[in-house]
Amino acid sequence: MSDGSALDHHSPYETPLHRDETAIAGMWLFLASEALLFGGLFLICLIYSHTRAGGWAEGVRHTNLAIGAANTLILITSSAVYTMAVEAGKRGDNRRVVRAGFGAAALGLTFLALKGGEWGQEFRENLFPGPHFALHGPDAGGAQLFYSFYFLATFLHGMHMVVGIGLILWICRKARHRAFSAAWNTPVDIVGLYWSFVDLVWMLLFPLLYLIGRA
Amino acid sequence: MSGTLDPTAPQRSYLWQDGTLRSWLLTRDHKRIALLYLGSITAFFALGSVGAALVRLQLLEPGGTILSDATYNRMFTMHGVVMVWLFLVPSIPVTLGNFLVPLMLGARDLAFPRLNLLSWYLFVASGLLVVYGLFRGGLETGWTFYTPLSSEYTEGRVLPVVLGVFLNGFSSIATGVNFIVSIHQLRAPGMGWYRLPLMLWALYATSVIFVLATPVLGITLLLLAFEHLFRVGVFDPSLGGDPLLFQQLFWFYSHPAVYIMILPGMGVVSEIVSTFCHKPVFGYRFVAWSSVSIAAIGFVVWGHHMFVAGTSLYSAIVFSMFSFFVSVPSAIKVFNWLGTMHGGSIRLDAPMLYAMGFIGLFTVGGLTGLFLASLAADVHLTQTYFVVAHFHYIMVGGMVSAYFGGLHYWWPKITGRMYPETWGRLAAGLIFFGFNLTFLPQFILGFEGMPRRYATYPAQFQVLNVLSSAGAGILAVAYALPLVYFTWSLFRGARAPDNPWRATGLEWRTASPPPVENFAETPVVTTYAYDYAELDGRAGPPGTAVGGPHV
């Protein structure tokens, strides 16, 4: 719809700038809401990692630190690459937006592929909670609890990754049609906010699921 | 300025500009979306009422035989789930709020019109999921879904209902984001924060709760659903989870949600009281900031739902204290409405009757809340009908009264037609009477120890239960009345002038019903929200309606 220069007939805004500022405000507010969605999850994780410390730590020790750490690096890099798209967008350089966008999306897909491999391995090792759960002993309950959260948290984060990659590809498509200019590049910016948020969530999930209790 | 119509051209009202079904289902016009919501929540209100009616029928006799115990549990659950999430939480924000926020701001639409439409589709989808669960077996957990009742012991359809409520949350969040950003960004020239109508302060505070509390419910219910789907432990103690943690997180949302279910009503009442007393609201800034403080303090009182659940005494003391604190801004509002009415020339039209009903019933509900916030009294009263009566005084006596009051007040603006005033007053009186007959006996029942959520009761409680059920019957008739005469007025009601009540808000400065673009020209605000002197100067002396013949 919007090509950035004109407002459509029904638009509630006075100027394109007014619309763009509003859109950015909306994204920040949405992210505040998202922060509380994940916040609830982190809270429960922290509580159980204390009340069921033994089993929780056993679960943490069974996670694949190598893949987790590699994914952390990949995701940080992806965010960094996307900021180049944001910078290019500000200059109206559509070609660089496409290139950086594809780079960020490819890194995101790599993350998901590695994560999928990690999940597959864990399913084969029967680490998904249930009657056939692999870990036994007095703390097995706590370890099951850990893996409940591990799978739910990584699934939820993965869904956000899928949405984020979709948004980045949408930006790339728009940029290929030379949609952005120095005067109008808000969508590049807004998707950047979302992508950084997805990154940030992983920065908290990584220590919670891979590090705390490992030693 | 872009998008303005030529003021001399005849304007089409938003209702009739394009009558196709497609134009309604794909509309981005906040006014039409408000009406889509109005239709949906009215249907859910009816469904929730059926649950209540069956519960009250069952309780006519001590050993009621109309429903089996299992069905009784499903009926009060249906009543609770539908009324809370599909009626009360959305009620005023999505109907009156959607319709009025841009009009009161002097804007053409909400900040994100497509997000607004999306929120309606999410709402409908969530409603259908919930209804599917309720009709394919139902569930017996009550609207709170406490574990392990909802996990290990349930025989009902927890999963679709919980997922429906989860989805419903995103509809709320979308509305909240839209309102907050609109109020920040789309105020007309000259519309400073202290010139906003108090309805907008109330909706702003409500939206903060939508945005910040709803996601916590979302993640909690998602975990519950996850537990159900895969039989893994999260909250179920037999699987290693902690059921109290569910209660903590559930109430972290659901207590603020109680304020979602009252703050918009307070906003409506502030508008109505001012208009029908023809006086500015007494202590505007106090009323405005009390909305914000209710929302803020409301985030730190959730523990008072768990005084007897085995939480620590010290946390209970703190939660009790905050629960007393939150009554202060509520009381400020009540006193300021009374201060507004004091010395005013009060017109007792139907909206004002509802508003006065709200003030009285909300006060009773609020004061009885203090009994429940006191630790010692709560041990006796918790899980009894005293609690049931208390929150119905807030939610039905308060919020539903305000909702009906608001519907009557803005009906001329929404439809361009007047409702029949005599019938309006009659319904308002009947609702007030029927409500008190239903719920006043329940205070006594609870005080005497009748527990809630049982299908049977000892014979000595029968008289009060019969009174309560009789009241519910009156209430049913009283709620059906507006449905009938509102529908009638849509086709036969007298044409409404632009400003039938001589009210000050910007929404009264445009046509009834408003044109698609809301205002022919963006209004410029030069005075504070309730400047009746300015209105009288602009519109002539009191006694004449503004912008056309008064009926």
# chains A, B, ... in the order shown; residues from 1 in each chain; ligands from 1
>>> closest_atom_pairs(of="chain B", to="chain A", cutoff="9 Å", atoms="only C-alpha atoms", output="tab-separated table")
residue	atom	partner	partner_atom	distance
B:Met1	CA	A:Glu14	CA	6.3
B:Ser2	CA	A:Glu14	CA	6.5
B:Gly3	CA	A:His9	CA	5.3
B:Thr4	CA	A:His9	CA	8.5
B:Arg28	CA	A:His10	CA	8.5
B:Asp29	CA	A:His10	CA	8.3
B:Pro102	CA	A:Pro12	CA	8.9
B:Ala107	CA	A:Pro12	CA	6.3
B:Arg108	CA	A:Pro12	CA	4.8
B:Asp109	CA	A:Pro12	CA	5.0
B:Leu110	CA	A:Pro12	CA	6.7
B:Ala111	CA	A:Pro12	CA	6.4
B:Phe112	CA	A:Ala23	CA	8.1
B:Pro113	CA	A:Ser11	CA	8.5
B:Ile173	CA	A:Ser33	CA	7.6
B:Ala174	CA	A:Phe30	CA	8.2
B:Val177	CA	A:Leu29	CA	6.3
B:Asn178	CA	A:Gly26	CA	7.4
B:Ile180	CA	A:Gly26	CA	8.6
B:Val181	CA	A:Gly26	CA	6.2
B:Ser182	CA	A:Thr22	CA	8.1
B:His184	CA	A:Thr22	CA	8.7
B:Gln185	CA	A:Thr22	CA	6.5
B:Leu186	CA	A:Tyr13	CA	7.3
B:Phe210	CA	A:Ser33	CA	8.7
B:Val211	CA	A:Ser33	CA	5.2
B:Leu212	CA	A:Ser33	CA	5.4
B:Ala213	CA	A:Leu36	CA	7.5
B:Thr214	CA	A:Ser33	CA	8.0
B:Pro215	CA	A:Leu37	CA	4.5
B:Val216	CA	A:Leu37	CA	5.2
B:Leu217	CA	A:Leu37	CA	8.1
B:Gly218	CA	A:Leu37	CA	6.8
B:Ile219	CA	A:Leu37	CA	5.6
B:Thr220	CA	A:Gly40	CA	7.4
B:Leu223	CA	A:Leu152	CA	7.9
B:Phe226	CA	A:Leu152	CA	7.7
B:Glu227	CA	A:Ser148	CA	8.4
B:Phe230	CA	A:Gly130	CA	7.5
B:Arg231	CA	A:Gly130	CA	6.7
B:Val232	CA	A:Pro129	CA	5.8
B:Gly233	CA	A:Leu145	CA	5.8
B:Val234	CA	A:Leu145	CA	6.5
B:Leu239	CA	A:Gly141	CA	7.3
B:Gly240	CA	A:Gly141	CA	5.7
B:Gly241	CA	A:Leu145	CA	7.2
B:Asp242	CA	A:Tyr48	CA	8.9
B:Leu245	CA	A:Ile44	CA	7.9
B:Leu249	CA	A:Gly40	CA	7.7
B:Val516	CA	A:His10	CA	8.6
B:Glu517	CA	A:His10	CA	7.3
>>> write_last_selection(atoms="N, CA and C atoms", output="short mmCIF file (atom, residue, chain, number, x, y, z; two decimals), in the first residue's frame")
data_model
loop_
_atom_site.label_atom_id
_atom_site.label_comp_id
_atom_site.auth_asym_id
_atom_site.auth_seq_id
_atom_site.Cartn_x
_atom_site.Cartn_y
_atom_site.Cartn_z
N MET B 1 -3.42 20.14 4.63
CA MET B 1 -3.70 18.93 5.39
C MET B 1 -4.35 17.91 4.49
N SER B 2 -3.86 16.71 4.54
CA SER B 2 -4.33 15.72 3.58
C SER B 2 -5.59 15.04 4.06
N GLY B 3 -6.34 14.51 3.12
CA GLY B 3 -7.45 13.64 3.45
C GLY B 3 -8.73 14.33 3.85
N THR B 4 -8.77 15.64 3.89
CA THR B 4 -10.00 16.31 4.30
C THR B 4 -10.99 16.33 3.14
N ARG B 28 -11.85 -0.66 7.59
CA ARG B 28 -10.79 -0.20 8.49
C ARG B 28 -11.31 0.97 9.34
N ASP B 29 -12.57 1.30 9.17
CA ASP B 29 -13.17 2.42 9.89
C ASP B 29 -13.43 2.00 11.34
N PRO B 102 -10.95 7.97 18.53
CA PRO B 102 -10.59 8.96 17.50
C PRO B 102 -11.50 10.19 17.52
N ALA B 107 -9.52 12.95 15.69
CA ALA B 107 -8.72 12.28 14.66
C ALA B 107 -9.64 11.58 13.66
N ARG B 108 -9.05 11.16 12.53
CA ARG B 108 -9.85 10.49 11.52
C ARG B 108 -10.02 9.00 11.82
N ASP B 109 -9.07 8.42 12.53
CA ASP B 109 -9.18 6.99 12.84
C ASP B 109 -8.19 6.69 13.96
N LEU B 110 -8.15 5.43 14.38
CA LEU B 110 -7.10 5.01 15.31
C LEU B 110 -5.76 4.99 14.57
N ALA B 111 -4.68 4.88 15.34
CA ALA B 111 -3.35 4.94 14.72
C ALA B 111 -3.13 3.79 13.75
N PHE B 112 -3.65 2.60 14.08
CA PHE B 112 -3.41 1.44 13.22
C PHE B 112 -4.73 0.79 12.84
N PRO B 113 -5.38 1.33 11.81
CA PRO B 113 -6.72 0.83 11.45
C PRO B 113 -6.74 -0.66 11.09
N ILE B 173 -4.28 -7.05 23.38
CA ILE B 173 -3.01 -6.33 23.26
C ILE B 173 -3.06 -5.40 22.06
N ALA B 174 -3.62 -5.89 20.94
CA ALA B 174 -3.71 -5.05 19.75
C ALA B 174 -4.53 -3.80 20.04
N VAL B 177 -2.41 -1.43 22.35
CA VAL B 177 -1.35 -0.73 21.62
C VAL B 177 -1.98 0.39 20.79
N ASN B 178 -3.06 0.08 20.12
CA ASN B 178 -3.72 1.05 19.26
C ASN B 178 -4.18 2.28 20.05
N ILE B 180 -3.12 3.40 23.07
CA ILE B 180 -2.02 4.18 23.66
C ILE B 180 -1.36 5.04 22.59
N VAL B 181 -1.02 4.40 21.47
CA VAL B 181 -0.32 5.15 20.43
C VAL B 181 -1.24 6.25 19.88
N SER B 182 -2.52 5.95 19.71
CA SER B 182 -3.44 6.98 19.20
C SER B 182 -3.50 8.17 20.14
N HIS B 184 -1.32 9.18 22.24
CA HIS B 184 -0.08 9.96 22.18
C HIS B 184 0.04 10.76 20.89
N GLN B 185 -0.34 10.15 19.78
CA GLN B 185 0.05 10.69 18.49
C GLN B 185 -1.05 11.46 17.75
N LEU B 186 -2.31 11.17 18.05
CA LEU B 186 -3.36 11.69 17.17
C LEU B 186 -4.23 12.75 17.82
N PHE B 210 -3.77 -3.79 29.46
CA PHE B 210 -3.86 -4.71 28.32
C PHE B 210 -2.48 -5.10 27.84
N VAL B 211 -1.62 -4.09 27.67
CA VAL B 211 -0.33 -4.35 27.03
C VAL B 211 0.63 -5.07 27.97
N LEU B 212 0.59 -4.73 29.25
CA LEU B 212 1.61 -5.26 30.15
C LEU B 212 1.17 -6.47 30.98
N ALA B 213 -0.12 -6.67 31.17
CA ALA B 213 -0.55 -7.82 31.98
C ALA B 213 -0.96 -8.99 31.11
N THR B 214 -1.63 -8.73 30.00
CA THR B 214 -2.16 -9.81 29.18
C THR B 214 -1.09 -10.81 28.74
N PRO B 215 0.12 -10.36 28.33
CA PRO B 215 1.10 -11.37 27.89
C PRO B 215 1.47 -12.36 28.98
N VAL B 216 1.39 -11.94 30.24
CA VAL B 216 1.73 -12.88 31.32
C VAL B 216 0.67 -13.98 31.41
N LEU B 217 -0.59 -13.58 31.24
CA LEU B 217 -1.64 -14.61 31.16
C LEU B 217 -1.38 -15.50 29.95
N GLY B 218 -0.97 -14.87 28.85
CA GLY B 218 -0.73 -15.62 27.62
C GLY B 218 0.29 -16.72 27.86
N ILE B 219 1.43 -16.38 28.44
CA ILE B 219 2.47 -17.39 28.62
C ILE B 219 2.01 -18.44 29.62
N THR B 220 1.25 -18.02 30.64
CA THR B 220 0.78 -18.98 31.64
C THR B 220 -0.16 -20.00 31.00
N LEU B 223 1.67 -22.39 28.76
CA LEU B 223 2.31 -23.46 29.52
C LEU B 223 1.29 -24.51 29.94
N PHE B 226 0.52 -26.55 26.95
CA PHE B 226 1.68 -27.40 26.69
C PHE B 226 1.65 -28.63 27.61
N GLU B 227 1.35 -28.37 28.89
CA GLU B 227 1.26 -29.44 29.86
C GLU B 227 0.21 -30.46 29.44
N PHE B 230 1.28 -32.49 25.98
CA PHE B 230 2.40 -33.43 26.01
C PHE B 230 2.54 -34.15 27.34
N ARG B 231 1.60 -33.88 28.26
CA ARG B 231 1.67 -34.51 29.58
C ARG B 231 3.05 -34.29 30.21
N VAL B 232 3.54 -33.09 30.13
CA VAL B 232 4.81 -32.78 30.81
C VAL B 232 4.49 -31.85 31.98
N GLY B 233 5.37 -31.86 32.95
CA GLY B 233 5.08 -31.10 34.16
C GLY B 233 5.41 -29.63 34.01
N VAL B 234 4.47 -28.77 34.34
CA VAL B 234 4.76 -27.36 34.50
C VAL B 234 4.14 -26.88 35.80
N LEU B 239 3.25 -34.17 38.21
CA LEU B 239 4.30 -34.21 37.19
C LEU B 239 5.50 -33.35 37.61
N GLY B 240 5.52 -32.95 38.87
CA GLY B 240 6.68 -32.21 39.36
C GLY B 240 6.51 -30.71 39.34
N GLY B 241 5.35 -30.21 38.91
CA GLY B 241 5.15 -28.76 38.83
C GLY B 241 4.63 -28.19 40.14
N ASP B 242 4.48 -26.87 40.15
CA ASP B 242 4.05 -26.18 41.35
C ASP B 242 2.71 -25.48 41.06
N LEU B 245 2.35 -21.70 41.72
CA LEU B 245 2.96 -20.82 40.73
C LEU B 245 1.93 -20.44 39.66
N LEU B 249 0.84 -16.53 38.77
CA LEU B 249 0.91 -15.94 37.44
C LEU B 249 -0.48 -15.61 36.91
N VAL B 516 -17.72 9.38 7.33
CA VAL B 516 -16.62 8.43 7.31
C VAL B 516 -15.34 9.05 7.86
N GLU B 517 -15.11 10.31 7.51
CA GLU B 517 -13.85 10.95 7.91
C GLU B 517 -13.93 11.59 9.29
#
>>> select_by_dssp(residues="segment 319-500 of chain B", states="alpha helix (DSSP H)", output="PyMOL selection string")
chain B and resi 319-341+350-373+375-381+385-392+401-415+421-447+462-492
>>> closest_residue(among="B:Val94, B:Ala529, B:Gly64, B:Glu448", to="Arg285 of chain B", atoms="only C-alpha atoms")
B:Ala529
>>> atom_distance(atom1="atom CA of Ile394 of chain B", atom2="atom CA of Ala331 of chain B")
13.4 Å
>>> closest_residue(among="A:Met203, A:Val191, A:Ala183, A:Ile67", to="Lys90 of chain A", atoms="only C-alpha atoms")
A:Ala183
>>> closest_residue(among="A:Phe197, A:Asp189, A:His132, A:Val163", to="Met84 of chain A", atoms="only C-alpha atoms")
A:Asp189
>>> residues_around(residues="segment 166-180 of chain A", least_positions_apart="5", cutoff="8 Å", atoms="only C-alpha atoms", output="number ranges by chain")
A: 3-4, 89, 92-95, 97-98, 101-102, 104-105, 185, 187-188, 191
